[in-house]
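Participant: Here it is, the structure in full.
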Amino acid sequence: MGMEKVILPKSLEGKTVLVAGAAGFVPSHVCELYVGLGAKVIGLDNFVTGTEANLTGLKSNSLFDFRECNIFESLPSFSGENIDYIFSLASPASPVDFSKIPMDIMRVNSEGTRFLLELAKEKKARFLEASTSEVYGDPEVHPQTEDYVGHVNPIGPRACYDEGKRFAEAMCTVYKNFHGVETRIVRIFNTYGPRMRPDDGRVIPNFINQAMNDQDISVYGDGSQTRSFCFVTDLVQAMHYVMHSPVDTPVNIGNPDEYTILEAAKFIIDVMGSNSKITHLPLPKDDPKKRRPDITKLQSFSDYVPQVGFREGLLETVEFFKSCV
Ligand SMILES: NC(=O)c1ccc[n+]([C@@H]2O[C@H](COP(=O)([O-])OP(=O)(O)OC[C@H]3O[C@@H](n4cnc5c(N)ncnc54)[C@H](O)[C@@H]3O)[C@@H](O)[C@H]2O)c1
C-alpha cells in the first residue's frame, strides 16, 4: 500500500513564509508561488549571486517584504513576528562560484543554516533545506535513490559545495532529533528557466548563449551522455509538495525526462532558429555518462508530475536571456 497523497493548501492567507536567498534564481520563483497563495513572504538576500532585477515583480506586491542581510553574519530581528515556514535556499550554486567564493559557500551552508534553524526552533516554523544531487558526489550507482549515501571527495574542487550541503543536511537532522524542529530536505537535480544566470557556466546557458550569437555549440565527446533538466516552476511545485508533506527524510526533486547532450544542442538550435553548427570537444575527465533523478519517493506521497516540456521551457528561458542582453 502506498503512502497517503499530500493535499496542498488552496490558500496560505494569514501565514508567513521566510525565504532565505530570495533574490536568486530558484528562490525568487518560490517567493512568487507563496505571494500567489496569499502568504506574507519575507525575503532575505545579500546579492552575492542574486540580483535586484530578480525581485522587480515581487517588490510591487504588498505581501512581499525584503530585508537585505548576510545570513551567515546575523539575521534581522523577527521579534513579535510569526513565521510559519522557512525556506533555506541561500547558497551560491554554480560551478563557477566554487573556486571564486568557496568561503561564502561553506559559511552560508553551516553558520547561515544554523541561524535559520535556530529561528525555526524559536518560531516553531517548518523548515525546508534546499540540498542538492551533488551530495551523491561521483555516484557509483545509477540512478541515485535517497538511501544512497554518496561518494564525495572531501578535499576536491567541489567540496565546499558538496560537503557544505551534506553538513546542512546533517544539521537539519540534528535539529529535528534534538530540538523537535519540523525539517524537510529536498535534493535538487539540474534546474533551468528564467532568472538563471546567463554566465552560470552550465550546459543550458552555454548552449543558449552560443546559439544566440550564432557561435558553434560545443558538445563534449560524441554528445551521447545524458542529462535531465527540470523547468523551475515544476521544481518549485515539488518543493511545495515536500514542505506540505509529513516526509522528514531527504527527497529527490527534478524532472526524470532524459536527453542526450547532442539532442539538447540540436533542440536549442531548432527552437532558436540559429545558424550555429555543432563542434565536438574532448570529453572532460569525470564527465558523468548519465544523470537522471529517481523521483519515485516524491511521487509516492504526491501527485507531482512535471508540467513544462523541454521545448516550452527552453522558449521561456531563451526569451529571458534575450531580455538580459
Ligand atoms: N539551480 C539548481 O539547479 C540547483 C541545484 C541543486 C541545488 N540548488 C540549491 O537551490 C538554492 C538556490 O539555488 P539557485 O540556483 O537559485 O542559486 P542563486 O545563486 O540564484 O540563489 C541563491 C541566492 O542566495 C543568496 N545568498 C547567498 N549567500 C547568501 C548569504 N550569505 N546571505 C544572504 N543571501 C545569500 C544569493 O545572493 C542568491 O540570491 C541553493 O541553495 C542551491 O544550492 C540549486
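Chain labels follow the order of the C-alpha cells: the first chain is A, the next B, and so on; residue numbering restarts at 1 in every chain, and ligands are counted from 1 in their shown order.
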Neighbours of ligand 1 within 7 Å, counting only C-alpha atoms and all ligand atoms, as a short mmCIF file (atom, residue, chain, number, x, y, z; two decimals) with C-alpha atoms, in the first residue's frame?

Facilitator:
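What follows is the written file selection03.cif:
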data_model
loop_
_atom_site.label_atom_id
_atom_site.label_comp_id
_atom_site.auth_asym_id
_atom_site.auth_seq_id
_atom_site.Cartn_x
_atom_site.Cartn_y
_atom_site.Cartn_z
CA ALA A 20 16.50 33.00 2.52
CA GLY A 21 18.17 33.80 -0.80
CA ALA A 22 15.03 35.49 -2.21
CA ALA A 23 16.88 37.39 -4.98
CA GLY A 24 18.21 34.17 -6.51
CA PHE A 25 17.02 32.12 -9.48
CA VAL A 26 15.01 29.33 -7.79
CA PRO A 27 14.17 31.29 -4.61
CA LEU A 44 16.43 37.81 2.77
CA ASP A 45 19.46 38.25 0.50
CA ASN A 46 22.89 39.86 0.32
CA PHE A 47 23.09 39.79 -3.53
CA VAL A 48 26.29 37.73 -3.60
CA THR A 49 24.90 35.84 -6.61
CA GLY A 50 21.29 37.10 -6.78
CA THR A 51 20.14 40.38 -8.34
CA CYS A 69 21.35 40.86 5.11
CA ASN A 70 24.17 38.34 5.06
CA ILE A 71 22.59 35.35 6.79
CA PHE A 72 25.86 33.83 7.97
CA SER A 88 16.70 27.74 3.42
CA LEU A 89 17.74 28.48 -0.16
CA ALA A 90 20.61 30.95 0.25
CA SER A 91 23.69 29.39 -1.28
CA PRO A 92 25.74 30.11 -4.36
CA ALA A 93 25.27 27.00 -6.50
CA SER A 94 27.03 27.41 -9.84
CA ASP A 104 30.87 32.14 1.35
CA ILE A 105 29.52 28.76 0.26
CA VAL A 108 26.21 30.05 4.40
CA GLY A 112 23.78 30.57 7.87
CA ALA A 130 17.50 23.07 -0.43
CA SER A 131 20.10 20.35 -0.70
CA THR A 132 21.43 19.02 -3.97
CA SER A 133 22.06 15.93 -6.06
CA ARG A 187 17.84 17.17 -3.11
CA ILE A 188 17.52 19.31 -6.22
CA PHE A 189 18.66 18.00 -9.62
CA ASN A 190 19.53 20.20 -12.66
CA THR A 191 17.07 23.04 -13.00
CA TYR A 192 16.76 25.73 -15.66
CA MET A 196 19.08 31.67 -14.29
#

Participant: For the structure I just gave you, how does DSSP split region 145-324 of chain A - specifically, which residues are strand (DSSP E or B)? Reply as a PyMOL selection string.

Facilitator: chain A and resi 151+183-188+191-192+217-220+226-228+230-231+251-253+258-260+278-281

Participant: Need the shell around Thr226 (chain A): protein/DNA/RNA residues with any atom at most 10 Å away, counting only C-alpha atoms. Skip same-chain ones fewer than 5 positions apart. Format as JSON, numbers by chain?

Facilitator: {"A": [257, 258, 259, 260, 261, 262, 263, 264, 288, 289, 290, 291, 292]}

Participant: Take the residues from that selection and write them out as a compact mmCIF listing (two decimals), in the first residue's frame, keeping N, CA and C atoms.

Facilitator:
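And here is the file that came out, again39.txt:
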# COMPACT_ATOMS: atom_id res chain seq x y z
N ASP A 257 12.86 13.26 -17.27
CA ASP A 257 12.97 13.22 -18.74
C ASP A 257 14.44 13.35 -19.12
N GLU A 258 14.92 12.41 -19.91
CA GLU A 258 16.36 12.36 -20.18
C GLU A 258 16.64 12.71 -21.64
N TYR A 259 17.65 13.54 -21.88
CA TYR A 259 18.06 13.89 -23.25
C TYR A 259 19.55 13.67 -23.38
N THR A 260 19.99 13.28 -24.58
CA THR A 260 21.44 13.28 -24.78
C THR A 260 21.85 14.74 -24.97
N ILE A 261 23.11 15.01 -24.70
CA ILE A 261 23.61 16.38 -24.85
C ILE A 261 23.50 16.82 -26.32
N LEU A 262 23.73 15.85 -27.22
CA LEU A 262 23.61 16.17 -28.65
C LEU A 262 22.16 16.55 -28.99
N GLU A 263 21.19 15.81 -28.45
CA GLU A 263 19.78 16.16 -28.69
C GLU A 263 19.49 17.56 -28.14
N ALA A 264 20.00 17.83 -26.94
CA ALA A 264 19.75 19.15 -26.32
C ALA A 264 20.31 20.26 -27.20
N PRO A 288 30.02 12.84 -16.15
CA PRO A 288 29.13 11.69 -15.95
C PRO A 288 28.41 11.29 -17.24
N LYS A 289 28.27 9.99 -17.45
CA LYS A 289 27.60 9.44 -18.66
C LYS A 289 26.10 9.68 -18.61
N LYS A 290 25.60 9.68 -17.38
CA LYS A 290 24.16 9.65 -17.20
C LYS A 290 23.83 10.49 -15.97
N ARG A 291 22.83 11.33 -16.06
CA ARG A 291 22.36 11.96 -14.82
C ARG A 291 20.85 12.11 -14.92
N ARG A 292 20.17 11.45 -14.01
CA ARG A 292 18.71 11.41 -14.09
C ARG A 292 18.18 11.18 -12.68

Participant: Identify, on the basis of only C-alpha atoms, every residue whose closest approach to Gly273 (chain A) does not exceed 12 Å; exclude the query and any residue fewer than 3 positions from it along the same chain; express the result as a list in words.

Facilitator: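 Counting only C-alpha atoms, the residues come to Ile208, Ala211, Met212, Asn213, Asp214, Lys266, Phe267, Ile268, Ile269, Asp270, Ser276, Lys277, Leu315 and Val318 of chain A.
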
Participant: Please indicate the distance in Å from CA of Val96 (chain A) to CA of Arg202 (chain A), rounded to one decimal place.

Facilitator: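 Between CA of Val96 (chain A) and CA of Arg202 (chain A) the gap works out to 8.8 Å.
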
Participant: Compare A:Arg195, A:Glu4, A:Tyr241, A:Gly223 by their minimum atom-to-atom distance to Thr56 (chain A), counting only C-alpha atoms, and give me the closest one.

Facilitator: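 Closest candidate: A:Arg195.
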
Participant: Nearest residue to Gly156 (chain A) out of A:Gln215, A:Ser302, A:Asp138, A:Met239, using only C-alpha atoms?

Facilitator: A:Asp138

Participant: Can you tell me, as a PDB file with C-alpha atoms, in the first residue's frame, what residues are no more than 12 Å from Leu116 (chain A) when counting only C-alpha atoms, ignoring any on the same chain fewer than 3 positions away?

Facilitator:
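Dumped everything to out-v1.pdb:
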ATOM      1  CA  LEU A  18      10.598  33.341   5.157  1.00  0.00           C
ATOM      2  CA  VAL A  19      12.730  32.783   2.044  1.00  0.00           C
ATOM      3  CA  ALA A  20      16.499  32.996   2.522  1.00  0.00           C
ATOM      4  CA  GLY A  21      18.167  33.799  -0.803  1.00  0.00           C
ATOM      5  CA  LEU A  44      16.433  37.812   2.766  1.00  0.00           C
ATOM      6  CA  ASN A  70      24.174  38.338   5.057  1.00  0.00           C
ATOM      7  CA  ILE A  71      22.588  35.353   6.786  1.00  0.00           C
ATOM      8  CA  PHE A  72      25.857  33.834   7.974  1.00  0.00           C
ATOM      9  CA  GLU A  73      26.720  37.003   9.901  1.00  0.00           C
ATOM     10  CA  SER A  74      23.360  37.622  11.561  1.00  0.00           C
ATOM     11  CA  LEU A  75      19.647  37.622  10.846  1.00  0.00           C
ATOM     12  CA  PRO A  76      17.406  40.665  11.223  1.00  0.00           C
ATOM     13  CA  SER A  77      15.253  40.727  14.354  1.00  0.00           C
ATOM     14  CA  PHE A  78      11.908  38.988  13.975  1.00  0.00           C
ATOM     15  CA  ILE A  83       6.901  32.736  10.951  1.00  0.00           C
ATOM     16  CA  TYR A  85       7.569  28.273   7.052  1.00  0.00           C
ATOM     17  CA  ILE A  86      11.276  28.833   6.398  1.00  0.00           C
ATOM     18  CA  PHE A  87      12.919  28.046   3.069  1.00  0.00           C
ATOM     19  CA  SER A  88      16.698  27.741   3.419  1.00  0.00           C
ATOM     20  CA  LEU A  89      17.737  28.482  -0.159  1.00  0.00           C
ATOM     21  CA  ALA A  90      20.607  30.949   0.249  1.00  0.00           C
ATOM     22  CA  VAL A 108      26.213  30.051   4.402  1.00  0.00           C
ATOM     23  CA  ASN A 109      25.528  26.308   4.449  1.00  0.00           C
ATOM     24  CA  SER A 110      26.869  25.929   8.010  1.00  0.00           C
ATOM     25  CA  GLU A 111      26.580  29.159  10.037  1.00  0.00           C
ATOM     26  CA  GLY A 112      23.778  30.573   7.874  1.00  0.00           C
ATOM     27  CA  THR A 113      21.717  27.393   8.018  1.00  0.00           C
ATOM     28  CA  LEU A 119      14.863  30.800  14.172  1.00  0.00           C
ATOM     29  CA  ALA A 120      12.698  27.805  13.161  1.00  0.00           C
ATOM     30  CA  LYS A 121      13.105  26.404  16.672  1.00  0.00           C
ATOM     31  CA  GLU A 122      12.144  29.712  18.293  1.00  0.00           C
ATOM     32  CA  LYS A 123       9.152  30.351  15.997  1.00  0.00           C
ATOM     33  CA  LYS A 124       8.067  26.699  15.718  1.00  0.00           C
ATOM     34  CA  ALA A 125       8.268  27.129  11.950  1.00  0.00           C
ATOM     35  CA  ARG A 126       8.536  24.268   9.491  1.00  0.00           C
ATOM     36  CA  PHE A 127      11.945  24.338   7.804  1.00  0.00           C
ATOM     37  CA  LEU A 128      12.972  23.214   4.309  1.00  0.00           C
ATOM     38  CA  GLU A 129      16.607  22.869   3.283  1.00  0.00           C
ATOM     39  CA  ALA A 168      23.455  21.325   6.216  1.00  0.00           C
ATOM     40  CA  MET A 171      22.463  19.818  10.968  1.00  0.00           C
ATOM     41  CA  CYS A 172      18.781  19.698   9.932  1.00  0.00           C
ATOM     42  CA  TYR A 175      17.746  19.972  14.950  1.00  0.00           C
ATOM     43  CA  VAL A 181      12.184  21.201  14.626  1.00  0.00           C
ATOM     44  CA  THR A 183      12.585  19.741   8.969  1.00  0.00           C
TER      45      THR A 183
END

Participant: Any idea what's packed within 7 Å of Phe98 (chain A), counting only C-alpha atoms, ignoring anything in its chain fewer than 4 positions away? Could you give it as a list in words?

Facilitator: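 The neighbour list is Pro102, Arg158, Cys160 and Tyr161 of chain A.
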
Participant: Store the residues picked out above, limited to C-alpha atoms, as a CSV table (one decimal), in the first residue's frame.

Facilitator:
chain,number,residue,atom,x,y,z
A,102,PRO,CA,34.2,28.9,-1.5
A,158,ARG,CA,33.6,20.8,-5.5
A,160,CYS,CA,33.0,23.5,-0.5
A,161,TYR,CA,29.5,23.0,-2.0

Participant: I'd like to know which of A:Met272, A:Val308, A:Val242, A:Cys230 is closest to Lys5 (chain A), using only C-alpha atoms.

Facilitator: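 Among A:Met272, A:Val308, A:Val242, A:Cys230, it is A:Val242 that comes nearest to Lys5 (chain A).
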